[in-house]
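Colleague: Please read through the structure below; I'll follow up with questions.
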Amino acid sequence: MTDEPFIPYAVIETANWPPTSLMTIWALGAANLKRIELDSSQPESTYIDQALAGLQAKLDRWGGKEIPSFGRPVAIVINLAPNQGIRIGLDGSILDQLDWTMTIGTASVSADNGKTQMQVTRR
């Protein structure tokens, strides 16, 4: 357990798991693709609007309706506190109250004997 304060953030849930291109995940970073930073100086009542705006900014950045390698967004999980969050639909409606926090996995690359292995871990 960490002594650092929890800072609320959102994670985009997408259609593809595992991702279609591990190299894209490794190069761009899963967090850059799926994590949405929230302005915690604003009231919690603004988090849904912030998450939806963050999703739209990511889609605009990547030029379409999908997140590279992860596919189309299906929902957003807003992590409010450790082990507490909400899942919202793309229309902003609350789908679920959660007693867990969605995290983003990691991608790693290793080379042995001239061969490269890539692995994505989902947390």
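By convention in this document, the chains of the structure tokens carry letters A, B, ... by their order, each chain's residues are numbered from 1, and ligands are numbered from 1 in the order they are shown.
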Write out as a ChimeraX atom specification all residues of chain A that backbone DSSP assigns to strand (DSSP E).

Modeller: /A:9-14,35-37,73-81,84-88,94-98,106-112,115-121

Colleague: For the residues selected in the previous step, produce a file with C-alpha atoms as a PDB file, in the first residue's frame.

Modeller:
ATOM      1  CA  TYR A   9      -8.710   9.320 -12.974  1.00  0.00           C
ATOM      2  CA  ALA A  10     -10.640   7.512 -15.686  1.00  0.00           C
ATOM      3  CA  VAL A  11      -9.864   4.532 -17.912  1.00  0.00           C
ATOM      4  CA  ILE A  12     -11.457   3.889 -21.292  1.00  0.00           C
ATOM      5  CA  GLU A  13     -12.896   0.403 -21.660  1.00  0.00           C
ATOM      6  CA  THR A  14     -12.497  -0.813 -25.228  1.00  0.00           C
ATOM      7  CA  ARG A  35      -6.065   6.846 -19.259  1.00  0.00           C
ATOM      8  CA  ILE A  36      -7.947  10.125 -18.857  1.00  0.00           C
ATOM      9  CA  GLU A  37      -6.642  12.578 -16.285  1.00  0.00           C
ATOM     10  CA  PRO A  73     -14.628   2.575 -26.707  1.00  0.00           C
ATOM     11  CA  VAL A  74     -17.487   0.750 -24.967  1.00  0.00           C
ATOM     12  CA  ALA A  75     -17.549   2.513 -21.571  1.00  0.00           C
ATOM     13  CA  ILE A  76     -15.442   4.572 -19.185  1.00  0.00           C
ATOM     14  CA  VAL A  77     -14.515   3.656 -15.628  1.00  0.00           C
ATOM     15  CA  ILE A  78     -14.003   6.627 -13.339  1.00  0.00           C
ATOM     16  CA  ASN A  79     -11.826   5.653 -10.393  1.00  0.00           C
ATOM     17  CA  LEU A  80     -13.021   7.850  -7.521  1.00  0.00           C
ATOM     18  CA  ALA A  81     -10.966   6.316  -4.718  1.00  0.00           C
ATOM     19  CA  GLN A  84     -14.386   2.705  -5.559  1.00  0.00           C
ATOM     20  CA  GLY A  85     -15.530   3.861  -8.955  1.00  0.00           C
ATOM     21  CA  ILE A  86     -18.329   4.148 -11.457  1.00  0.00           C
ATOM     22  CA  ARG A  87     -18.695   2.766 -14.959  1.00  0.00           C
ATOM     23  CA  ILE A  88     -20.401   5.153 -17.340  1.00  0.00           C
ATOM     24  CA  ILE A  94     -24.048   5.598 -14.867  1.00  0.00           C
ATOM     25  CA  LEU A  95     -24.034   1.876 -15.641  1.00  0.00           C
ATOM     26  CA  ASP A  96     -22.478   0.463 -12.436  1.00  0.00           C
ATOM     27  CA  GLN A  97     -21.213   1.449  -9.012  1.00  0.00           C
ATOM     28  CA  LEU A  98     -17.899  -0.367  -8.520  1.00  0.00           C
ATOM     29  CA  THR A 106       1.904  -2.697 -18.830  1.00  0.00           C
ATOM     30  CA  ALA A 107       3.758  -3.679 -21.972  1.00  0.00           C
ATOM     31  CA  SER A 108       7.304  -4.969 -21.918  1.00  0.00           C
ATOM     32  CA  VAL A 109       9.864  -6.057 -24.477  1.00  0.00           C
ATOM     33  CA  SER A 110      12.769  -8.420 -23.970  1.00  0.00           C
ATOM     34  CA  ALA A 111      15.328  -9.845 -26.355  1.00  0.00           C
ATOM     35  CA  ASP A 112      17.050 -13.187 -25.933  1.00  0.00           C
ATOM     36  CA  LYS A 115      14.505 -12.898 -30.711  1.00  0.00           C
ATOM     37  CA  THR A 116      12.151 -10.294 -29.321  1.00  0.00           C
ATOM     38  CA  GLN A 117       9.282 -11.187 -27.054  1.00  0.00           C
ATOM     39  CA  MET A 118       6.485  -8.782 -26.212  1.00  0.00           C
ATOM     40  CA  GLN A 119       4.087  -9.187 -23.349  1.00  0.00           C
ATOM     41  CA  VAL A 120       1.104  -7.159 -22.187  1.00  0.00           C
ATOM     42  CA  THR A 121      -0.099  -7.573 -18.640  1.00  0.00           C
TER      43      THR A 121
END

Colleague: Taking the chain letters and numbering used in this document, name the residues of region 22-123 of chain A that DSSP puts in alpha helix (DSSP H), as an NGL selection string.

Modeller: :A and (22-28 or 30-34 or 47-61)

Colleague: Any idea what the distance is between CA of Ala30 (chain A) and CA of Trp100 (chain A)?

Modeller: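 Result for CA of Ala30 (chain A) versus CA of Trp100 (chain A): 19.7 Å, one decimal.
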
Colleague: Under the rule that only C-alpha atoms are counted, which of A:Leu90, A:Leu22, A:Leu55, A:Ile7 is the nearest residue to Leu38 (chain A)?

Modeller: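 Closest candidate: A:Ile7.
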
Colleague: Using only C-alpha atoms, can you tell me which of A:Ile104, A:Gly89, A:Ser40, A:Ile48 comes closest to Phe6 (chain A)?

Modeller: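 With only C-alpha atoms as the atom set, the closest residue is A:Ser40.
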
Colleague: My list of candidates is A:Thr103, A:Ser93, A:Ser21, A:Asn32. Which is closest to Trp62 (chain A) when distances are computed with only C-alpha atoms?

Modeller: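 With only C-alpha atoms as the atom set, the closest residue is A:Asn32.
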